[in-house]
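One structure is given below, encoded as structure tokens.
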Amino acid sequence: MNTSRRLALLMLMAFSASAIFAQGKHEPELRTVRGTVVDKQETPVESAVVYLKNARTQDITTHISDKEGTFRFSGLDLNADYEIHAEHEGWTSPSRSISNFDNRKEYVLTLKLDRKKGEK
């Protein structure tokens, strides 16, 4: 086999290997969690603090609800479990769980401030 054919064969093999390797790479799958904080009368609550805790790492991220009571967390690991709740002026919502078994990429929920902080 002459040198130019060897070079062409080597380049073809290298190209094929890189194409196969690229197919094996997966972008991490990310999740968005968004929703609304409301009071007992279902009125949106502005300036509520929404707490999102990664159950594995115990890291907590917060977001402040806007005028319409909405909040949004994006870029979350689809393979992690999370706990989320909201607080505002001594009121709190029940904690909700977001499971890694739920494969929705967008998770939408309403957090209702229906009990005084510290009550069970």
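In the structure tokens, chains take letters A, B, ... by order of appearance, with residues numbered from 1 within each chain and ligands from 1 in the order shown.
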
Identify all residues of stretch 16-102 of chain A in helix (DSSP H, G or I) (DSSP on the backbone) and supply them as a ChimeraX atom specification.
-> /A:16-24

Mind checking which residues fall within 12 Å of A:Asp59, counting only C-alpha atoms, ignoring those fewer than 3 positions away in the same chain, and posting them as a PyMOL selection string?
-> chain A and resi 51-56+62+76+80-84

d(atom CA of A:Lys112, atom CA of A:Val50) in Å | 11.2 Å

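Of the listed residues A:Ala48, A:Asn100, A:Arg115, A:Thr110, the one whose atoms come nearest to A:Ala86 is A:Ala48, with distances taken using only C-alpha atoms.
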
Compile the contact shell of A:Ser93 as a PDB file with all heavy atoms, in the first residue's frame: residues with an atom at most 12 Å away, counting only C-alpha atoms, same-chain residues fewer than 3 positions apart removed.
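Writing done, so here's around_19.pdb:
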```
ATOM      1  N   THR A  36     -46.124  29.641  40.906  1.00  0.00           N
ATOM      2  CA  THR A  36     -46.700  30.828  41.526  1.00  0.00           C
ATOM      3  C   THR A  36     -46.853  30.599  43.017  1.00  0.00           C
ATOM      4  O   THR A  36     -47.227  29.506  43.451  1.00  0.00           O
ATOM      5  CB  THR A  36     -48.089  31.116  40.918  1.00  0.00           C
ATOM      6  OG1 THR A  36     -47.966  31.168  39.493  1.00  0.00           O
ATOM      7  CG2 THR A  36     -48.654  32.431  41.411  1.00  0.00           C
ATOM      8  N   VAL A  37     -46.586  31.648  43.783  1.00  0.00           N
ATOM      9  CA  VAL A  37     -46.839  31.634  45.216  1.00  0.00           C
ATOM     10  C   VAL A  37     -48.160  32.368  45.434  1.00  0.00           C
ATOM     11  O   VAL A  37     -48.348  33.483  44.929  1.00  0.00           O
ATOM     12  CB  VAL A  37     -45.716  32.327  46.008  1.00  0.00           C
ATOM     13  CG1 VAL A  37     -46.019  32.303  47.503  1.00  0.00           C
ATOM     14  CG2 VAL A  37     -44.363  31.675  45.723  1.00  0.00           C
ATOM     15  N   VAL A  38     -49.081  31.718  46.164  1.00  0.00           N
ATOM     16  CA  VAL A  38     -50.387  32.328  46.447  1.00  0.00           C
ATOM     17  C   VAL A  38     -50.679  32.249  47.945  1.00  0.00           C
ATOM     18  O   VAL A  38     -50.107  31.428  48.657  1.00  0.00           O
ATOM     19  CB  VAL A  38     -51.521  31.641  45.651  1.00  0.00           C
ATOM     20  CG1 VAL A  38     -51.311  31.795  44.151  1.00  0.00           C
ATOM     21  CG2 VAL A  38     -51.667  30.183  46.030  1.00  0.00           C
ATOM     22  N   ASP A  39     -51.618  33.114  48.394  1.00  0.00           N
ATOM     23  CA  ASP A  39     -52.049  33.063  49.789  1.00  0.00           C
ATOM     24  C   ASP A  39     -53.278  32.168  49.909  1.00  0.00           C
ATOM     25  O   ASP A  39     -53.693  31.530  48.936  1.00  0.00           O
ATOM     26  CB  ASP A  39     -52.291  34.478  50.333  1.00  0.00           C
ATOM     27  CG  ASP A  39     -53.391  35.233  49.597  1.00  0.00           C
ATOM     28  OD1 ASP A  39     -54.192  34.609  48.875  1.00  0.00           O
ATOM     29  OD2 ASP A  39     -53.443  36.473  49.755  1.00  0.00           O
ATOM     30  N   LYS A  40     -53.902  32.152  51.103  1.00  0.00           N
ATOM     31  CA  LYS A  40     -55.066  31.281  51.332  1.00  0.00           C
ATOM     32  C   LYS A  40     -56.227  31.593  50.396  1.00  0.00           C
ATOM     33  O   LYS A  40     -57.022  30.724  50.070  1.00  0.00           O
ATOM     34  CB  LYS A  40     -55.545  31.416  52.776  1.00  0.00           C
ATOM     35  CG  LYS A  40     -54.724  30.642  53.766  1.00  0.00           C
ATOM     36  CD  LYS A  40     -55.380  30.734  55.132  1.00  0.00           C
ATOM     37  CE  LYS A  40     -54.662  29.854  56.118  1.00  0.00           C
ATOM     38  NZ  LYS A  40     -55.337  29.822  57.419  1.00  0.00           N
ATOM     39  N   VAL A  45     -48.724  36.229  45.577  1.00  0.00           N
ATOM     40  CA  VAL A  45     -47.966  36.910  46.621  1.00  0.00           C
ATOM     41  C   VAL A  45     -46.633  37.413  46.056  1.00  0.00           C
ATOM     42  O   VAL A  45     -45.812  36.617  45.595  1.00  0.00           O
ATOM     43  CB  VAL A  45     -47.706  35.972  47.820  1.00  0.00           C
ATOM     44  CG1 VAL A  45     -46.853  36.656  48.875  1.00  0.00           C
ATOM     45  CG2 VAL A  45     -49.027  35.493  48.409  1.00  0.00           C
ATOM     46  N   ALA A  48     -42.376  36.877  48.041  1.00  0.00           N
ATOM     47  CA  ALA A  48     -42.221  35.667  48.845  1.00  0.00           C
ATOM     48  C   ALA A  48     -40.856  35.065  48.526  1.00  0.00           C
ATOM     49  O   ALA A  48     -40.370  35.170  47.399  1.00  0.00           O
ATOM     50  CB  ALA A  48     -43.327  34.667  48.528  1.00  0.00           C
ATOM     51  N   VAL A  49     -40.244  34.445  49.510  1.00  0.00           N
ATOM     52  CA  VAL A  49     -38.965  33.776  49.286  1.00  0.00           C
ATOM     53  C   VAL A  49     -39.255  32.310  49.013  1.00  0.00           C
ATOM     54  O   VAL A  49     -39.896  31.636  49.818  1.00  0.00           O
ATOM     55  CB  VAL A  49     -38.024  33.910  50.507  1.00  0.00           C
ATOM     56  CG1 VAL A  49     -36.700  33.207  50.244  1.00  0.00           C
ATOM     57  CG2 VAL A  49     -37.793  35.373  50.849  1.00  0.00           C
ATOM     58  N   VAL A  50     -38.786  31.831  47.856  1.00  0.00           N
ATOM     59  CA  VAL A  50     -38.975  30.432  47.468  1.00  0.00           C
ATOM     60  C   VAL A  50     -37.636  29.728  47.666  1.00  0.00           C
ATOM     61  O   VAL A  50     -36.610  30.170  47.145  1.00  0.00           O
ATOM     62  CB  VAL A  50     -39.445  30.308  46.009  1.00  0.00           C
ATOM     63  CG1 VAL A  50     -39.676  28.850  45.648  1.00  0.00           C
ATOM     64  CG2 VAL A  50     -40.717  31.127  45.789  1.00  0.00           C
ATOM     65  N   TYR A  51     -37.655  28.657  48.452  1.00  0.00           N
ATOM     66  CA  TYR A  51     -36.456  27.889  48.770  1.00  0.00           C
ATOM     67  C   TYR A  51     -36.456  26.588  47.980  1.00  0.00           C
ATOM     68  O   TYR A  51     -37.421  25.823  48.059  1.00  0.00           O
ATOM     69  CB  TYR A  51     -36.412  27.548  50.259  1.00  0.00           C
ATOM     70  CG  TYR A  51     -36.307  28.750  51.164  1.00  0.00           C
ATOM     71  CD1 TYR A  51     -37.447  29.426  51.583  1.00  0.00           C
ATOM     72  CD2 TYR A  51     -35.068  29.205  51.597  1.00  0.00           C
ATOM     73  CE1 TYR A  51     -37.356  30.530  52.414  1.00  0.00           C
ATOM     74  CE2 TYR A  51     -34.963  30.305  52.423  1.00  0.00           C
ATOM     75  CZ  TYR A  51     -36.110  30.965  52.831  1.00  0.00           C
ATOM     76  OH  TYR A  51     -36.016  32.062  53.643  1.00  0.00           O
ATOM     77  N   GLU A  83     -36.428  19.626  47.065  1.00  0.00           N
ATOM     78  CA  GLU A  83     -37.539  19.996  47.933  1.00  0.00           C
ATOM     79  C   GLU A  83     -37.733  21.491  47.757  1.00  0.00           C
ATOM     80  O   GLU A  83     -36.752  22.247  47.667  1.00  0.00           O
ATOM     81  CB  GLU A  83     -37.215  19.676  49.388  1.00  0.00           C
ATOM     82  CG  GLU A  83     -37.107  18.194  49.668  1.00  0.00           C
ATOM     83  CD  GLU A  83     -36.674  17.914  51.100  1.00  0.00           C
ATOM     84  OE1 GLU A  83     -36.717  18.833  51.951  1.00  0.00           O
ATOM     85  OE2 GLU A  83     -36.263  16.775  51.349  1.00  0.00           O
ATOM     86  N   ILE A  84     -38.993  21.942  47.705  1.00  0.00           N
ATOM     87  CA  ILE A  84     -39.274  23.350  47.469  1.00  0.00           C
ATOM     88  C   ILE A  84     -40.408  23.805  48.377  1.00  0.00           C
ATOM     89  O   ILE A  84     -41.352  23.068  48.632  1.00  0.00           O
ATOM     90  CB  ILE A  84     -39.614  23.589  45.974  1.00  0.00           C
ATOM     91  CG1 ILE A  84     -39.717  25.088  45.674  1.00  0.00           C
ATOM     92  CG2 ILE A  84     -40.850  22.825  45.555  1.00  0.00           C
ATOM     93  CD1 ILE A  84     -39.776  25.404  44.185  1.00  0.00           C
ATOM     94  N   HIS A  85     -40.272  25.025  48.906  1.00  0.00           N
ATOM     95  CA  HIS A  85     -41.357  25.649  49.660  1.00  0.00           C
ATOM     96  C   HIS A  85     -41.168  27.159  49.605  1.00  0.00           C
ATOM     97  O   HIS A  85     -40.110  27.646  49.202  1.00  0.00           O
ATOM     98  CB  HIS A  85     -41.410  25.134  51.108  1.00  0.00           C
ATOM     99  CG  HIS A  85     -40.395  25.750  52.013  1.00  0.00           C
ATOM    100  ND1 HIS A  85     -39.078  25.344  52.050  1.00  0.00           N
ATOM    101  CD2 HIS A  85     -40.509  26.762  52.903  1.00  0.00           C
ATOM    102  CE1 HIS A  85     -38.425  26.064  52.944  1.00  0.00           C
ATOM    103  NE2 HIS A  85     -39.263  26.941  53.471  1.00  0.00           N
ATOM    104  N   ALA A  86     -42.212  27.887  50.013  1.00  0.00           N
ATOM    105  CA  ALA A  86     -42.162  29.352  50.004  1.00  0.00           C
ATOM    106  C   ALA A  86     -42.483  29.892  51.394  1.00  0.00           C
ATOM    107  O   ALA A  86     -43.187  29.235  52.180  1.00  0.00           O
ATOM    108  CB  ALA A  86     -43.158  29.900  48.990  1.00  0.00           C
ATOM    109  N   GLU A  87     -41.970  31.093  51.680  1.00  0.00           N
ATOM    110  CA  GLU A  87     -42.247  31.774  52.936  1.00  0.00           C
ATOM    111  C   GLU A  87     -42.472  33.254  52.660  1.00  0.00           C
ATOM    112  O   GLU A  87     -41.845  33.828  51.760  1.00  0.00           O
ATOM    113  CB  GLU A  87     -41.069  31.623  53.907  1.00  0.00           C
ATOM    114  CG  GLU A  87     -40.812  30.203  54.332  1.00  0.00           C
ATOM    115  CD  GLU A  87     -39.630  30.075  55.292  1.00  0.00           C
ATOM    116  OE1 GLU A  87     -39.105  31.118  55.761  1.00  0.00           O
ATOM    117  OE2 GLU A  87     -39.231  28.937  55.578  1.00  0.00           O
ATOM    118  N   HIS A  88     -43.383  33.847  53.462  1.00  0.00           N
ATOM    119  CA  HIS A  88     -43.636  35.282  53.341  1.00  0.00           C
ATOM    120  C   HIS A  88     -44.320  35.784  54.605  1.00  0.00           C
ATOM    121  O   HIS A  88     -45.376  35.263  54.992  1.00  0.00           O
ATOM    122  CB  HIS A  88     -44.517  35.573  52.115  1.00  0.00           C
ATOM    123  CG  HIS A  88     -44.719  37.025  51.856  1.00  0.00           C
ATOM    124  ND1 HIS A  88     -45.878  37.672  52.191  1.00  0.00           N
ATOM    125  CD2 HIS A  88     -43.907  37.948  51.298  1.00  0.00           C
ATOM    126  CE1 HIS A  88     -45.783  38.947  51.839  1.00  0.00           C
ATOM    127  NE2 HIS A  88     -44.589  39.135  51.300  1.00  0.00           N
ATOM    128  N   GLU A  89     -43.717  36.773  55.256  1.00  0.00           N
ATOM    129  CA  GLU A  89     -44.281  37.432  56.429  1.00  0.00           C
ATOM    130  C   GLU A  89     -44.845  36.458  57.463  1.00  0.00           C
ATOM    131  O   GLU A  89     -45.982  36.603  57.930  1.00  0.00           O
ATOM    132  CB  GLU A  89     -45.341  38.453  56.001  1.00  0.00           C
ATOM    133  CG  GLU A  89     -44.753  39.578  55.182  1.00  0.00           C
ATOM    134  CD  GLU A  89     -45.784  40.609  54.750  1.00  0.00           C
ATOM    135  OE1 GLU A  89     -47.000  40.433  55.008  1.00  0.00           O
ATOM    136  OE2 GLU A  89     -45.357  41.596  54.136  1.00  0.00           O
ATOM    137  N   GLY A  90     -44.053  35.452  57.816  1.00  0.00           N
ATOM    138  CA  GLY A  90     -44.445  34.501  58.848  1.00  0.00           C
ATOM    139  C   GLY A  90     -45.306  33.342  58.372  1.00  0.00           C
ATOM    140  O   GLY A  90     -45.629  32.457  59.145  1.00  0.00           O
ATOM    141  N   ARG A  96     -42.766  20.674  49.037  1.00  0.00           N
ATOM    142  CA  ARG A  96     -43.104  19.760  47.934  1.00  0.00           C
ATOM    143  C   ARG A  96     -41.822  19.082  47.464  1.00  0.00           C
ATOM    144  O   ARG A  96     -40.750  19.681  47.467  1.00  0.00           O
ATOM    145  CB  ARG A  96     -43.719  20.535  46.773  1.00  0.00           C
ATOM    146  CG  ARG A  96     -44.926  21.389  47.139  1.00  0.00           C
ATOM    147  CD  ARG A  96     -46.252  20.683  47.011  1.00  0.00           C
ATOM    148  NE  ARG A  96     -46.525  20.179  45.698  1.00  0.00           N
ATOM    149  CZ  ARG A  96     -47.175  20.826  44.745  1.00  0.00           C
ATOM    150  NH1 ARG A  96     -47.621  22.037  44.955  1.00  0.00           N
ATOM    151  NH2 ARG A  96     -47.387  20.253  43.588  1.00  0.00           N
ATOM    152  N   LEU A 109     -45.699  24.349  39.404  1.00  0.00           N
ATOM    153  CA  LEU A 109     -46.471  24.114  40.605  1.00  0.00           C
ATOM    154  C   LEU A 109     -46.915  25.419  41.247  1.00  0.00           C
ATOM    155  O   LEU A 109     -46.402  26.496  40.938  1.00  0.00           O
ATOM    156  CB  LEU A 109     -45.682  23.266  41.601  1.00  0.00           C
ATOM    157  CG  LEU A 109     -44.279  23.734  41.952  1.00  0.00           C
ATOM    158  CD1 LEU A 109     -44.291  24.465  43.261  1.00  0.00           C
ATOM    159  CD2 LEU A 109     -43.388  22.532  42.051  1.00  0.00           C
ATOM    160  N   THR A 110     -47.881  25.295  42.145  1.00  0.00           N
ATOM    161  CA  THR A 110     -48.368  26.424  42.931  1.00  0.00           C
ATOM    162  C   THR A 110     -48.014  26.152  44.387  1.00  0.00           C
ATOM    163  O   THR A 110     -48.291  25.062  44.908  1.00  0.00           O
ATOM    164  CB  THR A 110     -49.890  26.577  42.788  1.00  0.00           C
ATOM    165  OG1 THR A 110     -50.189  26.807  41.409  1.00  0.00           O
ATOM    166  CG2 THR A 110     -50.406  27.748  43.614  1.00  0.00           C
ATOM    167  N   LEU A 111     -47.395  27.139  45.021  1.00  0.00           N
ATOM    168  CA  LEU A 111     -47.046  27.033  46.432  1.00  0.00           C
ATOM    169  C   LEU A 111     -48.007  27.927  47.210  1.00  0.00           C
ATOM    170  O   LEU A 111     -48.019  29.144  47.030  1.00  0.00           O
ATOM    171  CB  LEU A 111     -45.600  27.468  46.662  1.00  0.00           C
ATOM    172  CG  LEU A 111     -44.533  26.647  45.939  1.00  0.00           C
ATOM    173  CD1 LEU A 111     -43.157  27.258  46.138  1.00  0.00           C
ATOM    174  CD2 LEU A 111     -44.559  25.205  46.410  1.00  0.00           C
ATOM    175  N   LYS A 112     -48.823  27.314  48.072  1.00  0.00           N
ATOM    176  CA  LYS A 112     -49.853  28.047  48.805  1.00  0.00           C
ATOM    177  C   LYS A 112     -49.401  28.298  50.243  1.00  0.00           C
ATOM    178  O   LYS A 112     -49.140  27.355  50.995  1.00  0.00           O
ATOM    179  CB  LYS A 112     -51.157  27.254  48.787  1.00  0.00           C
ATOM    180  CG  LYS A 112     -52.326  28.006  49.364  1.00  0.00           C
ATOM    181  CD  LYS A 112     -53.597  27.214  49.128  1.00  0.00           C
ATOM    182  CE  LYS A 112     -54.821  28.002  49.528  1.00  0.00           C
ATOM    183  NZ  LYS A 112     -56.040  27.254  49.246  1.00  0.00           N
ATOM    184  N   LEU A 113     -49.326  29.572  50.597  1.00  0.00           N
ATOM    185  CA  LEU A 113     -48.961  29.976  51.959  1.00  0.00           C
ATOM    186  C   LEU A 113     -50.202  29.798  52.831  1.00  0.00           C
ATOM    187  O   LEU A 113     -51.081  30.654  52.873  1.00  0.00           O
ATOM    188  CB  LEU A 113     -48.499  31.437  51.978  1.00  0.00           C
ATOM    189  CG  LEU A 113     -47.317  31.768  51.076  1.00  0.00           C
ATOM    190  CD1 LEU A 113     -47.115  33.274  50.970  1.00  0.00           C
ATOM    191  CD2 LEU A 113     -46.056  31.093  51.567  1.00  0.00           C
ATOM    192  N   ASP A 114     -50.281  28.662  53.521  1.00  0.00           N
ATOM    193  CA  ASP A 114     -51.525  28.363  54.240  1.00  0.00           C
ATOM    194  C   ASP A 114     -51.355  28.055  55.729  1.00  0.00           C
ATOM    195  O   ASP A 114     -52.288  27.665  56.394  1.00  0.00           O
ATOM    196  CB  ASP A 114     -52.274  27.222  53.561  1.00  0.00           C
ATOM    197  CG  ASP A 114     -51.486  25.926  53.527  1.00  0.00           C
ATOM    198  OD1 ASP A 114     -50.348  25.899  54.021  1.00  0.00           O
ATOM    199  OD2 ASP A 114     -52.015  24.932  52.997  1.00  0.00           O
ATOM    200  N   ARG A 115     -50.141  28.251  56.233  1.00  0.00           N
ATOM    201  CA  ARG A 115     -49.972  28.034  57.674  1.00  0.00           C
ATOM    202  C   ARG A 115     -48.861  28.940  58.206  1.00  0.00           C
ATOM    203  O   ARG A 115     -47.970  29.342  57.481  1.00  0.00           O
ATOM    204  CB  ARG A 115     -49.682  26.575  57.977  1.00  0.00           C
ATOM    205  CG  ARG A 115     -48.384  26.101  57.381  1.00  0.00           C
ATOM    206  CD  ARG A 115     -48.152  24.655  57.770  1.00  0.00           C
ATOM    207  NE  ARG A 115     -46.808  24.299  57.343  1.00  0.00           N
ATOM    208  CZ  ARG A 115     -46.517  23.263  56.625  1.00  0.00           C
ATOM    209  NH1 ARG A 115     -47.445  22.428  56.242  1.00  0.00           N
ATOM    210  NH2 ARG A 115     -45.279  23.019  56.295  1.00  0.00           N
ATOM    211  N   LYS A 116     -48.968  29.228  59.487  1.00  0.00           N
ATOM    212  CA  LYS A 116     -47.954  30.045  60.139  1.00  0.00           C
ATOM    213  C   LYS A 116     -46.656  29.247  60.216  1.00  0.00           C
ATOM    214  O   LYS A 116     -46.680  28.037  60.442  1.00  0.00           O
ATOM    215  CB  LYS A 116     -48.388  30.459  61.551  1.00  0.00           C
ATOM    216  CG  LYS A 116     -49.411  31.558  61.569  1.00  0.00           C
ATOM    217  CD  LYS A 116     -48.740  32.865  61.206  1.00  0.00           C
ATOM    218  CE  LYS A 116     -49.654  34.032  61.488  1.00  0.00           C
ATOM    219  NZ  LYS A 116     -49.055  35.285  61.112  1.00  0.00           N
ATOM    220  N   LYS A 117     -45.544  29.932  60.048  1.00  0.00           N
ATOM    221  CA  LYS A 117     -44.239  29.278  60.130  1.00  0.00           C
ATOM    222  C   LYS A 117     -44.086  28.657  61.519  1.00  0.00           C
ATOM    223  O   LYS A 117     -44.422  29.259  62.520  1.00  0.00           O
ATOM    224  CB  LYS A 117     -43.138  30.310  59.869  1.00  0.00           C
ATOM    225  CG  LYS A 117     -41.812  29.707  59.603  1.00  0.00           C
ATOM    226  CD  LYS A 117     -40.837  30.767  59.157  1.00  0.00           C
ATOM    227  CE  LYS A 117     -39.474  30.156  59.013  1.00  0.00           C
ATOM    228  NZ  LYS A 117     -38.477  31.130  58.653  1.00  0.00           N
ATOM    229  N   GLY A 118     -43.625  27.409  61.555  1.00  0.00           N
ATOM    230  CA  GLY A 118     -43.441  26.699  62.811  1.00  0.00           C
ATOM    231  C   GLY A 118     -44.583  25.749  63.131  1.00  0.00           C
ATOM    232  O   GLY A 118     -44.453  24.861  63.958  1.00  0.00           O
ATOM    233  N   GLU A 119     -45.742  25.942  62.482  1.00  0.00           N
ATOM    234  CA  GLU A 119     -46.879  25.007  62.673  1.00  0.00           C
ATOM    235  C   GLU A 119     -46.643  23.758  61.835  1.00  0.00           C
ATOM    236  O   GLU A 119     -46.006  23.815  60.804  1.00  0.00           O
ATOM    237  CB  GLU A 119     -48.192  25.656  62.220  1.00  0.00           C
ATOM    238  CG  GLU A 119     -48.696  26.737  63.100  1.00  0.00           C
ATOM    239  CD  GLU A 119     -50.011  27.321  62.598  1.00  0.00           C
ATOM    240  OE1 GLU A 119     -50.519  26.873  61.554  1.00  0.00           O
ATOM    241  OE2 GLU A 119     -50.528  28.235  63.255  1.00  0.00           O
ATOM    242  N   LYS A 120     -47.185  22.662  62.268  1.00  0.00           N
ATOM    243  CA  LYS A 120     -47.067  21.411  61.521  1.00  0.00           C
ATOM    244  C   LYS A 120     -48.242  21.203  60.631  1.00  0.00           C
ATOM    245  O   LYS A 120     -49.315  21.474  60.717  1.00  0.00           O
ATOM    246  CB  LYS A 120     -46.892  20.221  62.465  1.00  0.00           C
ATOM    247  CG  LYS A 120     -45.593  20.259  63.184  1.00  0.00           C
ATOM    248  CD  LYS A 120     -44.502  19.695  62.318  1.00  0.00           C
ATOM    249  CE  LYS A 120     -43.170  19.825  63.074  1.00  0.00           C
ATOM    250  NZ  LYS A 120     -42.063  19.391  62.375  1.00  0.00           N
TER     251      LYS A 120
END
```

Students should find that atom CA of A:Asp66 and atom CA of A:Gln41 are spaced 17.8 Å

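The two atoms in question, atom CA of A:Leu30 and atom CA of A:Lys105, are spaced 6.6 Å apart.
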
Contacts of A:Lys67 at 7 Å (only C-alpha atoms; same-chain gap of 2+ positions) as an MDAnalysis selection string = chainID A and resid 46 65 69

Would you write out those residues with N, CA and C atoms, as a compact mmCIF listing (two decimals), in the first residue's frame?
```
# COMPACT_ATOMS: atom_id res chain seq x y z
N GLU A 46 -46.46 38.71 46.11
CA GLU A 46 -45.19 39.33 45.68
C GLU A 46 -44.19 39.27 46.82
N SER A 65 -40.38 35.93 44.61
CA SER A 65 -41.49 35.98 43.65
C SER A 65 -41.72 37.42 43.18
N GLY A 69 -46.45 36.97 41.61
CA GLY A 69 -46.23 35.82 42.48
C GLY A 69 -45.43 34.70 41.84
```

Apply DSSP to the backbone of this structure and, from stretch 67-99 of chain A, keep only the residues in strand (DSSP E or B); write these as JSON, numbers by chain.
-> {"A": [70, 71, 72, 73, 74, 75, 76, 77, 82, 83, 84, 85, 86, 87, 88, 91, 92, 96, 97, 98]}

Can you list, as a PyMOL selection string, every protein, DNA or RNA residue that comes within 9 Å of A:Tyr107 when you count only C-alpha atoms, leaving out same-chain residues fewer than 3 positions away?
-> chain A and resi 31-35+98+104

File dump, residues just selected, N, CA and C atoms, as an mmCIF file, in the first residue's frame:
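Output below, filename selection06.cif:
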```cif
data_model
loop_
_atom_site.group_PDB
_atom_site.id
_atom_site.type_symbol
_atom_site.label_atom_id
_atom_site.label_comp_id
_atom_site.auth_asym_id
_atom_site.auth_seq_id
_atom_site.Cartn_x
_atom_site.Cartn_y
_atom_site.Cartn_z
ATOM 1 N N ARG A 31 -33.487 20.684 34.023
ATOM 2 C CA ARG A 31 -34.891 20.876 34.351
ATOM 3 C C ARG A 31 -35.123 22.336 34.742
ATOM 4 N N THR A 32 -36.338 22.809 34.492
ATOM 5 C CA THR A 32 -36.785 24.111 34.958
ATOM 6 C C THR A 32 -37.952 23.882 35.905
ATOM 7 N N VAL A 33 -37.917 24.554 37.048
ATOM 8 C CA VAL A 33 -39.025 24.519 37.995
ATOM 9 C C VAL A 33 -39.556 25.938 38.092
ATOM 10 N N ARG A 34 -40.855 26.079 37.826
ATOM 11 C CA ARG A 34 -41.456 27.410 37.890
ATOM 12 C C ARG A 34 -42.845 27.295 38.474
ATOM 13 N N GLY A 35 -43.375 28.431 38.881
ATOM 14 C CA GLY A 35 -44.713 28.390 39.431
ATOM 15 C C GLY A 35 -45.113 29.716 40.025
ATOM 16 N N ILE A 98 -39.670 17.129 44.405
ATOM 17 C CA ILE A 98 -39.520 16.961 42.960
ATOM 18 C C ILE A 98 -38.550 15.795 42.785
ATOM 19 N N ARG A 104 -40.062 15.040 33.668
ATOM 20 C CA ARG A 104 -40.487 16.281 32.996
ATOM 21 C C ARG A 104 -39.360 17.298 33.059
#
```
